[in-house]
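Q: Dropping a structure here in structure tokens format, bear with me for questions.
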Amino acid sequence: MNNTGYLKGKTVFITGGSRGIGFAIAKKLAADGANIAIAARSVELKQDPNAIENETIFTAAKKIEEAGGRCLPCQVDVRNEQQIQSALEKTAQTFGGIDIVINNCSYLNLTNVGNTDIQKYDEMFRIITRGAYLVCKLSYPYLKKSNHAHILNISPPINLDPVWLELHAAYTAFKFSVSMYTIGMSKEFKKDNIAVNSLWPKKVIYSSGMIEHRGPKARKFCRSVDIMADAAYAILIKDPKVFSGNLNLDEDVLKNENIHDMGQYSEAGAIEEKILPDVFVGEVPNFDVINE
């Protein structure tokens, strides 16, 4: 999706912005002239040879600025309220306010009840559910002052088919909680002209999390992060007074923008017809095909 310059001078605070979907969105918005603050923990290079990106918040910030915008790297653990508050204050002081907040930080753990370590359960709650809530709550005073205020949560449509709770009850519940924030906060913040929406991939995205769970062979069954970046951009340039409270799928957002060629978003070597559906969307993805 081509940039329009509509977000030029707007300030975006994004969690988990140094890799994957968050990094792609940050570069897309920077190319439109936005100021970007990336809030992430990555201050050391990864040692994993299979990592898709090997970025720190500082190297990521440099690449975001090369895309066209200004970037403020903030070392933030979303489990820490004071770190979030300090990063928001620094962002507002640096750029003169905050217009857009993106809750992208997550913790992927696709295990059923019997195989979920309780410490990982606690981490999922603190990072996914509590973290997103904290960012929304603490950014609210800044967003109220913006004339183009958006919150975008990277969370799925709520699908109450029991299969998703059977497969990974904890992860499902925590991600659905963030989508429920979207619905509730869109009503609560309407009086302040703050839009709150969610975005989720319809097909599996090639990411470090996918490699960790399924291995590098998964690439030929995935889409690239660019589809989420383009869909996020399409949402964030909309009038916050008229587009809010939606649990969006990336493909549907782009089709509404008359973009119908999804093949352009296929990862290298992937065949569009064989790309797997993401979790919570339609049928359960058959990840066994990756190793066939």
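In the structure tokens, chains take the letters A, B, ... in the order shown, each chain's residues start at 1, and ligands count up from 1 in the order shown.
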Could you produce a table of the residues of segment 133-232 of chain A lying within 9 Å of segment 272-291 of chain A, with the nearest pair of atoms per residue and their separation in Å rounded to one decimal, using only C-alpha atoms, ordered by chain and increasing residue number, as a Markdown table?

A:
| residue | atom | partner | partner_atom | distance |
| --- | --- | --- | --- | --- |
| A:Pro156 | CA | A:Phe280 | CA | 6.9 |
| A:Pro157 | CA | A:Phe280 | CA | 7.2 |
| A:Ile158 | CA | A:Phe280 | CA | 7.5 |
| A:Asn159 | CA | A:Phe280 | CA | 6.1 |
| A:Leu160 | CA | A:Phe280 | CA | 8.8 |
| A:Asp161 | CA | A:Phe280 | CA | 8.6 |
| A:Val163 | CA | A:Val284 | CA | 8.2 |
| A:Trp164 | CA | A:Phe280 | CA | 6.7 |
| A:Thr172 | CA | A:Phe280 | CA | 8.3 |
| A:Trp200 | CA | A:Asp278 | CA | 8.7 |
| A:Pro201 | CA | A:Asp278 | CA | 6.5 |
| A:Lys202 | CA | A:Asp278 | CA | 5.6 |
| A:Lys203 | CA | A:Pro277 | CA | 4.1 |
| A:Val204 | CA | A:Asp278 | CA | 4.5 |
| A:Ile205 | CA | A:Asp278 | CA | 7.8 |
| A:Arg214 | CA | A:Phe287 | CA | 7.6 |
| A:Gly215 | CA | A:Ile290 | CA | 8.6 |
| A:Lys217 | CA | A:Ile290 | CA | 6.2 |
| A:Ala218 | CA | A:Ile290 | CA | 5.7 |
| A:Arg219 | CA | A:Ile290 | CA | 8.8 |
| A:Lys220 | CA | A:Ile275 | CA | 7.4 |
| A:Phe221 | CA | A:Ile275 | CA | 4.3 |
| A:Cys222 | CA | A:Ile275 | CA | 5.3 |
| A:Arg223 | CA | A:Ile275 | CA | 7.1 |

Q: Okay, now the selection with C-alpha atoms, as an mmCIF file, in the first residue's frame?

A:
data_model
loop_
_atom_site.group_PDB
_atom_site.id
_atom_site.type_symbol
_atom_site.label_atom_id
_atom_site.label_comp_id
_atom_site.auth_asym_id
_atom_site.auth_seq_id
_atom_site.Cartn_x
_atom_site.Cartn_y
_atom_site.Cartn_z
ATOM 1 C CA PRO A 156 -7.461 -11.464 17.127
ATOM 2 C CA PRO A 157 -11.176 -11.557 16.409
ATOM 3 C CA ILE A 158 -12.907 -13.360 19.253
ATOM 4 C CA ASN A 159 -13.676 -16.898 18.107
ATOM 5 C CA LEU A 160 -15.423 -18.967 20.767
ATOM 6 C CA ASP A 161 -15.041 -22.269 18.946
ATOM 7 C CA VAL A 163 -11.019 -25.869 19.781
ATOM 8 C CA TRP A 164 -8.942 -22.772 20.489
ATOM 9 C CA THR A 172 -6.252 -17.821 23.783
ATOM 10 C CA TRP A 200 -4.656 -9.782 13.310
ATOM 11 C CA PRO A 201 -3.172 -11.768 10.408
ATOM 12 C CA LYS A 202 -5.529 -13.991 8.435
ATOM 13 C CA LYS A 203 -2.612 -16.191 7.377
ATOM 14 C CA VAL A 204 0.503 -17.173 9.313
ATOM 15 C CA ILE A 205 3.266 -14.550 9.391
ATOM 16 C CA ARG A 214 7.994 -24.601 13.858
ATOM 17 C CA GLY A 215 11.537 -24.198 12.542
ATOM 18 C CA LYS A 217 11.130 -24.660 7.067
ATOM 19 C CA ALA A 218 7.916 -22.826 8.007
ATOM 20 C CA ARG A 219 8.889 -19.952 5.726
ATOM 21 C CA LYS A 220 7.366 -21.500 2.603
ATOM 22 C CA PHE A 221 3.950 -21.626 4.336
ATOM 23 C CA CYS A 222 3.928 -17.999 5.542
ATOM 24 C CA ARG A 223 3.239 -14.440 4.554
#

Q: Figure out the distance between atom CA of Val178 of chain A and atom CA of Ala37 of chain A, please, to one decimal in Å.

A: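 Between atom CA of Ala37 of chain A and atom CA of Val178 of chain A the gap works out to 21.4 Å.
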
Q: Using only C-alpha atoms, determine which residues lie at most 7 Å from Ile36 of chain A, disregarding the query and same-chain residues fewer than 6 positions distant; provide the list as a PyMOL selection string.

A: chain A and resi 11-13+26+30+70-72

Q: Give me, as a VMD selection string, all polymer residues having an atom no more than 8 Å from Gly5 of chain A, counting only C-alpha atoms and skipping those fewer than 2 positions away in the same chain.

A: chain A and resid 3 7 to 8 32 to 33

Q: Using only C-alpha atoms, find the one residue out of A:Phe95, A:Pro73, A:Ala24, A:Lys63 that sits nearest to Gly9 of chain A.

A: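 The closest residue to Gly9 of chain A is A:Phe95.
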
Q: Quick one: residues within 9 Å of Cys105 of chain A, only C-alpha atoms, excluding same-chain residues fewer than 6 positions away - as JSON, numbers by chain?

A: {"A": [14, 15, 16, 17, 22, 39, 40, 78, 127, 128, 131, 132, 154]}

Q: With C-alpha atoms retained, export the selected residues as an mmCIF file, in the first residue's frame.

A:
data_model
loop_
_atom_site.group_PDB
_atom_site.id
_atom_site.type_symbol
_atom_site.label_atom_id
_atom_site.label_comp_id
_atom_site.auth_asym_id
_atom_site.auth_seq_id
_atom_site.Cartn_x
_atom_site.Cartn_y
_atom_site.Cartn_z
ATOM 1 C CA ILE A 14 4.946 0.999 19.697
ATOM 2 C CA THR A 15 5.801 -1.882 21.997
ATOM 3 C CA GLY A 16 7.904 -4.712 20.626
ATOM 4 C CA GLY A 17 9.020 -2.429 17.825
ATOM 5 C CA GLY A 22 6.242 -4.257 15.197
ATOM 6 C CA ALA A 39 9.634 0.337 23.357
ATOM 7 C CA ALA A 40 11.392 -3.018 23.649
ATOM 8 C CA VAL A 78 6.040 -3.952 29.506
ATOM 9 C CA ILE A 127 3.229 -9.344 28.939
ATOM 10 C CA ILE A 128 0.116 -9.824 26.790
ATOM 11 C CA GLY A 131 1.095 -5.102 29.527
ATOM 12 C CA ALA A 132 -1.412 -3.952 26.920
ATOM 13 C CA ILE A 154 -2.331 -6.676 17.734
#

Q: Which is closer to Ser186 of chain A than all the others in A:Ser198, A:Asn2, A:Ser146, A:Ser244, using only C-alpha atoms?

A: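 Smallest separation from Ser186 of chain A among the options: A:Ser244.
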
Q: Using only C-alpha atoms, which residues sit within 12 Å of Tyr121 of chain A once same-chain residues fewer than 3 positions away are excluded, as JSON, numbers by chain?

A: {"A": [107, 108, 109, 110, 111, 112, 113, 114, 115, 116, 117, 118, 124, 125, 126, 127, 128, 129, 168, 169, 170, 171, 172, 173, 174]}

Q: How would you write, as a count of residues only, the set of residues in segment 82-275 of chain A that DSSP gives as alpha helix (DSSP H)?

A: 86

Q: Go through A:Ala149, A:Thr91, A:Leu134, A:Arg19 and flag the residue nearest Phe58 of chain A, using only C-alpha atoms for the distances.

A: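 For Phe58 of chain A, the nearest of the candidates is A:Arg19.
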
Q: Measuring atom to atom with only C-alpha atoms, identify which of A:Ser139, A:Ser177, A:Ser18, A:Thr4 is nearest to Lys90 of chain A.

A: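 Selected residue with least distance to Lys90 of chain A: A:Ser139.
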
Q: Measuring atom to atom with only C-alpha atoms, identify which of A:Glu89, A:Asp77, A:Glu257, A:Asp239 is nearest to Tyr142 of chain A.

A: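 Under the stated criterion, the closest residue is A:Glu89.
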
Q: From the list A:Ile21, A:Asn197, A:Val101, A:Lys191, which residue is nearest Ala229 of chain A when using only C-alpha atoms?

A: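 Comparing A:Ile21, A:Asn197, A:Val101, A:Lys191 against Ala229 of chain A, the winner is A:Ile21.
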
Q: Extract the full set of strand (DSSP E or B) residues from segment 134-219 of chain A according to DSSP on the backbone, and format it as a ChimeraX atom specification.

A: /A:149-154,194-200,203,205

Q: Using only N, CA and C atoms, please write the residues we just selected to a file, as a short mmCIF file (atom, residue, chain, number, x, y, z; two decimals), in the first residue's frame.

A:
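The result, written out as part-v3.cif:
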data_model
loop_
_atom_site.label_atom_id
_atom_site.label_comp_id
_atom_site.auth_asym_id
_atom_site.auth_seq_id
_atom_site.Cartn_x
_atom_site.Cartn_y
_atom_site.Cartn_z
N ALA A 149 -5.98 10.60 17.37
CA ALA A 149 -5.59 9.61 18.38
C ALA A 149 -6.08 8.21 18.03
N HIS A 150 -5.15 7.27 18.04
CA HIS A 150 -5.45 5.87 17.75
C HIS A 150 -4.73 4.97 18.74
N ILE A 151 -5.40 3.91 19.15
CA ILE A 151 -4.76 2.76 19.78
C ILE A 151 -5.00 1.57 18.86
N LEU A 152 -3.93 0.85 18.55
CA LEU A 152 -4.06 -0.35 17.73
C LEU A 152 -3.48 -1.53 18.50
N ASN A 153 -4.31 -2.50 18.79
CA ASN A 153 -3.89 -3.71 19.48
C ASN A 153 -3.68 -4.84 18.49
N ILE A 154 -2.56 -5.52 18.60
CA ILE A 154 -2.33 -6.68 17.73
C ILE A 154 -2.96 -7.87 18.45
N ILE A 194 -10.72 9.14 20.61
CA ILE A 194 -9.61 8.19 20.52
C ILE A 194 -10.16 6.90 19.92
N ALA A 195 -9.65 6.53 18.76
CA ALA A 195 -10.07 5.27 18.13
C ALA A 195 -9.29 4.12 18.77
N VAL A 196 -9.98 3.01 18.96
CA VAL A 196 -9.32 1.79 19.47
C VAL A 196 -9.73 0.63 18.56
N ASN A 197 -8.76 0.03 17.90
CA ASN A 197 -9.01 -1.08 16.99
C ASN A 197 -8.00 -2.19 17.22
N SER A 198 -8.34 -3.38 16.72
CA SER A 198 -7.42 -4.51 16.74
C SER A 198 -7.09 -4.93 15.32
N LEU A 199 -5.95 -5.60 15.17
CA LEU A 199 -5.52 -6.13 13.87
C LEU A 199 -4.88 -7.47 14.09
N TRP A 200 -5.19 -8.43 13.19
CA TRP A 200 -4.66 -9.78 13.31
C TRP A 200 -4.43 -10.35 11.91
N LYS A 203 -3.51 -15.06 7.65
CA LYS A 203 -2.61 -16.19 7.38
C LYS A 203 -1.35 -16.05 8.25
N ILE A 205 2.19 -15.49 9.71
CA ILE A 205 3.27 -14.55 9.39
C ILE A 205 4.61 -15.17 9.74
#

Q: Interatomic distance between atom CA of Ala232 of chain A and atom CA of Leu254 of chain A?

A: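 Separating atom CA of Ala232 of chain A from atom CA of Leu254 of chain A is a distance of 9.5 Å.
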
Q: Work out how far apart atom CA of Ser266 of chain A and atom CA of Leu29 of chain A are and give it in Å to one decimal.

A: 21.0 Å
